[in-house]
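Working notes, structure below.
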Amino acid sequence: MRSLRAFYVLCVGLILIGCNLMAPATFPTAEPTTFRLITEIPNATITPTAFRPSAGTKIPTLPIIPTPTSTPSPPTETSIPLTGSPPTAASKDDSRNLDEASPQYELVAELDYASHTLDVDETITYTNQTGGPLNSLVLNVEANRWGNCFNLKGIMLNGVPATQTLSGARMEIPLGVSLEPDEAIILEITYSLNIPPKQYEEVFGYVGYQTNLVNWYPFVAPYNNQRGWILHEPSGVGEHLVYDASDFDVRLKVKGDEDLIVAASAEGKTEGNWTRYELKGARTFALSISPIFHSQTEANQQASVTSFYFQNYENAGKGILEAASDAIEIYSDRFAPYPYESLSIVQTQLADGMEYDGLIFMGSKFYDEYNGTIKNNLISIGVHEVSHQWWFGMVGNDQALEPWLDEAMALYSERIYYEVTYPFPVNWWWRFRVTWFSPSGWVDTTIYDGYGFRGYTNSVYLRGAQFLEAIRFRIGEKAFNAFLKDFATTHAQKHATTDSFFETLDRNTDKNYTDIVDDYFNRR
Ligand SMILES: [Zn+2]
């Protein structure tokens, strides 16, 4: 009866708000967490590319700070303090709690901002959680995809020099002995990076006024008992990296002539000349450094949110700050509590937004387009990246082979933001972000299926959002909300799969939805 009444109320609501068959109904399931009076700009237009600026778009012009030409100083290995206690082999008897069983990364990094070099001492404590013995470790060294970027200086395994082979991003380190289940090994890697000039489509690298460090340290690839080490190659679209949830303890020293401002995946604490950052249960640790960042911070019940933006972008920087802060509260209520203590929102030269744990990058183009309302790419893509803190950060997945698991969820999370945020422009959102593109394709498309950017995003993101909407209609509001919470908490710090998605769904509904799956999925 309860669901029938809900359906009746929904139908009346639909009639009252007018019928647009293309635009799905709104679900005002919760009181808006904020009530901001925002003036809508009536002539705001739909951009043909909700994710990327159209061809011919000018590269955002930002002030270029000339970097002093200086010759890189010789490697200063001895100036980098080694942290932590001397490495010792852990034994089976080591009583480790669940958190400590995940990979532990200690990174001591010294950035020479002007010469674009980074010296790093990395210590990884890796506990074998695969259930079987391991004879080697496979690490992902993304920095080695750039020419003349990654310079390895030494590797030690439990305090003993080790050998390795490095090909592309794949580094394999024979262990010499068998690492049994629940045994831990300590890996110390000393290396430096020649940070490359940043290309527009890439996050990693430097421009004259900003250095972005993402995937800047080797990390142990996830291991799957059926498929072995998970280390994918990039394709022209989407993201290829898969990460285990890990704990990070990062110490950073930045050398530069100017006052350099650091945006990071966590809030830093000053320790002498160093800044220390700790982040637990995360996939990644990202940094962005600039002498010309402006910033504003807003704290809510869940997190301290800081928006880092450039001069003359104050309105947009504040707009995305407020939306991200609201989104964190909304998603904490609808999915699970925000998994970290802070979030940095970082303006950069990029055609899109890009998520890392505790830090999201947003393309300058979106700041240029910002119209003072919540109806624009800066806000819709901004809250999308915020939702990746749950669908990517908290709940991991294979971004290359099952990208819909984070991207369809993140796109649909935009809808959830708009349905509870005044003025509830959900119909606008469906047109602006989804139906305008008349999407087709299979939700379970991989990044290797060769559909190109538009075909890929239409299939995975847009059809993915339509699939989730259809499921929501079919199973009802109560079951859908329970499913969202269940999916988040069941997979927290783990990897979700298409199978585990449907197992979670089946736990929360008795309704038959196989016809919907047939409509949207190719391989299932
Ligand atoms: Zn996304």
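By convention in this document, the chains of the structure tokens carry letters A, B, ... by their order, each chain's residues are numbered from 1, and ligands are numbered from 1 in the order they are shown.
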
Legend entry - Exercise answer, 6 Å around ligand 1 with only C-alpha atoms and all ligand atoms, as number ranges by chain: A: 385, 407, 410

Legend entry - Spatial neighbours of Thr130 (chain A), max dist 7 Å, only C-alpha atoms, sep filter under 4 positions, as a VMD selection string: chain A and resid 181 223 225

Inset, instruction - Name the residues of region 115-296 of chain A that fall into helix (DSSP H, G or I) according to DSSP on the backbone, using the chain letters and numbers of this document, as a list in words. - result: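 Written out, the helix (DSSP H, G or I) residues of region 115-296 of chain A are Glu142, Ala143, Asn144 and Arg145 of chain A.
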
Inset, instruction - Name the residues in contact with region 101-104 of chain A at a cut-off of 8 Å, using only C-alpha atoms, excluding same-chain residues fewer than 2 positions from it; report them as a PyMOL selection string. - result: chain A and resi 96-99+106+123-129+182+220+244-249

Legend entry - Distance criterion (only C-alpha atoms): nearest to Val177 (chain A) out of A:Gln226, A:Ser136, A:Asn212, A:Gln199: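 Ranked by minimum distance to Val177 (chain A), first place goes to A:Ser136.
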
Using only C-alpha atoms, find each residue of region 183-266 of chain A with at least one atom at most 12 Å away from an atom of region 338-358 of chain A; report its shortest atom-to-atom pair and that distance in Å (one decimal), sort the rows by chain and rising residue number, and return the result as a Markdown table.
```
| residue | atom | partner | partner_atom | distance |
| --- | --- | --- | --- | --- |
| A:Lys198 | CA | A:Gln349 | CA | 8.8 |
| A:Gln199 | CA | A:Leu350 | CA | 8.7 |
| A:Tyr200 | CA | A:Leu350 | CA | 5.5 |
| A:Glu201 | CA | A:Leu350 | CA | 5.8 |
| A:Glu202 | CA | A:Leu350 | CA | 7.0 |
| A:Val203 | CA | A:Leu350 | CA | 7.0 |
| A:Phe204 | CA | A:Leu350 | CA | 10.5 |
| A:Gly205 | CA | A:Gln349 | CA | 10.8 |
| A:Tyr206 | CA | A:Gln349 | CA | 10.2 |
| A:Val207 | CA | A:Gln349 | CA | 8.7 |
| A:Gly208 | CA | A:Gln349 | CA | 11.2 |
| A:Tyr209 | CA | A:Thr348 | CA | 9.9 |
| A:Gln210 | CA | A:Thr348 | CA | 7.9 |
| A:Thr211 | CA | A:Thr348 | CA | 9.5 |
| A:Asn212 | CA | A:Thr348 | CA | 8.7 |
| A:Leu213 | CA | A:Tyr356 | CA | 10.9 |
| A:Val214 | CA | A:Tyr356 | CA | 8.2 |
| A:Asn215 | CA | A:Tyr356 | CA | 9.6 |
| A:Gly238 | CA | A:Met354 | CA | 10.6 |
| A:Glu239 | CA | A:Met354 | CA | 9.9 |
| A:Leu241 | CA | A:Tyr356 | CA | 11.6 |
| A:Tyr243 | CA | A:Tyr356 | CA | 11.3 |
| A:Ala245 | CA | A:Asp357 | CA | 10.3 |
| A:Ser246 | CA | A:Asp357 | CA | 10.9 |
| A:Asp247 | CA | A:Asp357 | CA | 11.4 |
| A:Phe248 | CA | A:Asp357 | CA | 11.1 |
| A:Ile261 | CA | A:Val346 | CA | 11.6 |
| A:Val262 | CA | A:Ser344 | CA | 10.0 |
| A:Ala263 | CA | A:Ser344 | CA | 6.3 |
| A:Ala264 | CA | A:Ser344 | CA | 6.5 |
| A:Ser265 | CA | A:Gly358 | CA | 4.2 |
| A:Ala266 | CA | A:Ser342 | CA | 5.9 |
```

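With only C-alpha atoms taken into account, the protein and nucleic acid residues at most 9 Å from region 486-489 of chain A (excluding it and anything under 5 positions from it in its own chain) are Phe335, Ala336, Trp390, Trp391, Met394, Val395, Asn481, Ala496, Ser500, Phe501, Thr504, Leu505, Arg507 and Asn508 of chain A.
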
Keeping N, CA, C and O atoms for every residue in the selection just given, could you write it to a file as a short mmCIF file (atom, residue, chain, number, x, y, z; two decimals), in the first residue's frame?
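Writing the result to result_21.cif gives the following:
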```cif
data_model
loop_
_atom_site.label_atom_id
_atom_site.label_comp_id
_atom_site.auth_asym_id
_atom_site.auth_seq_id
_atom_site.Cartn_x
_atom_site.Cartn_y
_atom_site.Cartn_z
N PHE A 335 24.75 7.76 0.46
CA PHE A 335 25.61 6.60 0.17
C PHE A 335 26.25 6.05 1.46
O PHE A 335 25.93 4.97 1.91
N ALA A 336 27.17 6.82 1.99
CA ALA A 336 27.92 6.44 3.20
C ALA A 336 28.64 7.70 3.65
O ALA A 336 28.85 8.61 2.84
N TRP A 390 33.21 8.36 -3.55
CA TRP A 390 32.55 7.10 -3.18
C TRP A 390 32.75 6.07 -4.29
O TRP A 390 33.14 4.95 -4.03
N TRP A 391 32.43 6.46 -5.55
CA TRP A 391 32.48 5.52 -6.68
C TRP A 391 33.82 5.66 -7.39
O TRP A 391 33.92 6.31 -8.41
N MET A 394 36.14 5.15 -2.43
CA MET A 394 35.67 4.20 -1.43
C MET A 394 35.40 2.83 -2.06
O MET A 394 35.92 1.81 -1.62
N VAL A 395 34.59 2.81 -3.11
CA VAL A 395 34.26 1.57 -3.83
C VAL A 395 35.15 1.50 -5.07
O VAL A 395 34.96 2.27 -6.01
N ASN A 481 17.25 3.29 -2.60
CA ASN A 481 18.06 3.97 -1.59
C ASN A 481 18.81 2.98 -0.72
O ASN A 481 19.99 3.20 -0.39
N ALA A 496 34.44 -3.49 -6.46
CA ALA A 496 33.13 -3.95 -6.92
C ALA A 496 33.30 -4.56 -8.31
O ALA A 496 34.21 -4.19 -9.06
N SER A 500 29.05 -8.40 -8.47
CA SER A 500 28.75 -8.01 -7.08
C SER A 500 27.75 -6.85 -7.06
O SER A 500 26.99 -6.70 -6.10
N PHE A 501 27.73 -6.04 -8.13
CA PHE A 501 26.69 -5.00 -8.24
C PHE A 501 25.31 -5.66 -8.24
O PHE A 501 24.41 -5.26 -7.48
N THR A 504 24.32 -7.27 -4.98
CA THR A 504 23.85 -6.26 -4.02
C THR A 504 22.43 -5.82 -4.35
O THR A 504 21.59 -5.66 -3.47
N LEU A 505 22.19 -5.64 -5.65
CA LEU A 505 20.84 -5.24 -6.07
C LEU A 505 19.82 -6.30 -5.66
O LEU A 505 18.76 -5.98 -5.10
N ARG A 507 19.92 -8.34 -3.28
CA ARG A 507 19.70 -8.34 -1.83
C ARG A 507 18.64 -7.33 -1.41
O ARG A 507 18.07 -7.40 -0.34
N ASN A 508 18.42 -6.33 -2.28
CA ASN A 508 17.57 -5.21 -1.89
C ASN A 508 16.24 -5.14 -2.63
O ASN A 508 15.47 -4.20 -2.42
#
```

Inset, instruction - If you run DSSP over the backbone, which residues in region 162-400 of chain A end up strand (DSSP E)? Put them as number ranges by chain. - result: A: 165-167, 170-179, 184-194, 205-207, 210-213, 219-220, 223-224, 228-229, 246-255, 261-264, 269-271, 274-282, 287-290, 294-299, 304-309, 342-348, 353-356, 359-363, 395-396

Legend entry - Atomic distance CA of Ser438 (chain A) - CA of Tyr520 (chain A), expressed in Å with one decimal: 14.3 Å
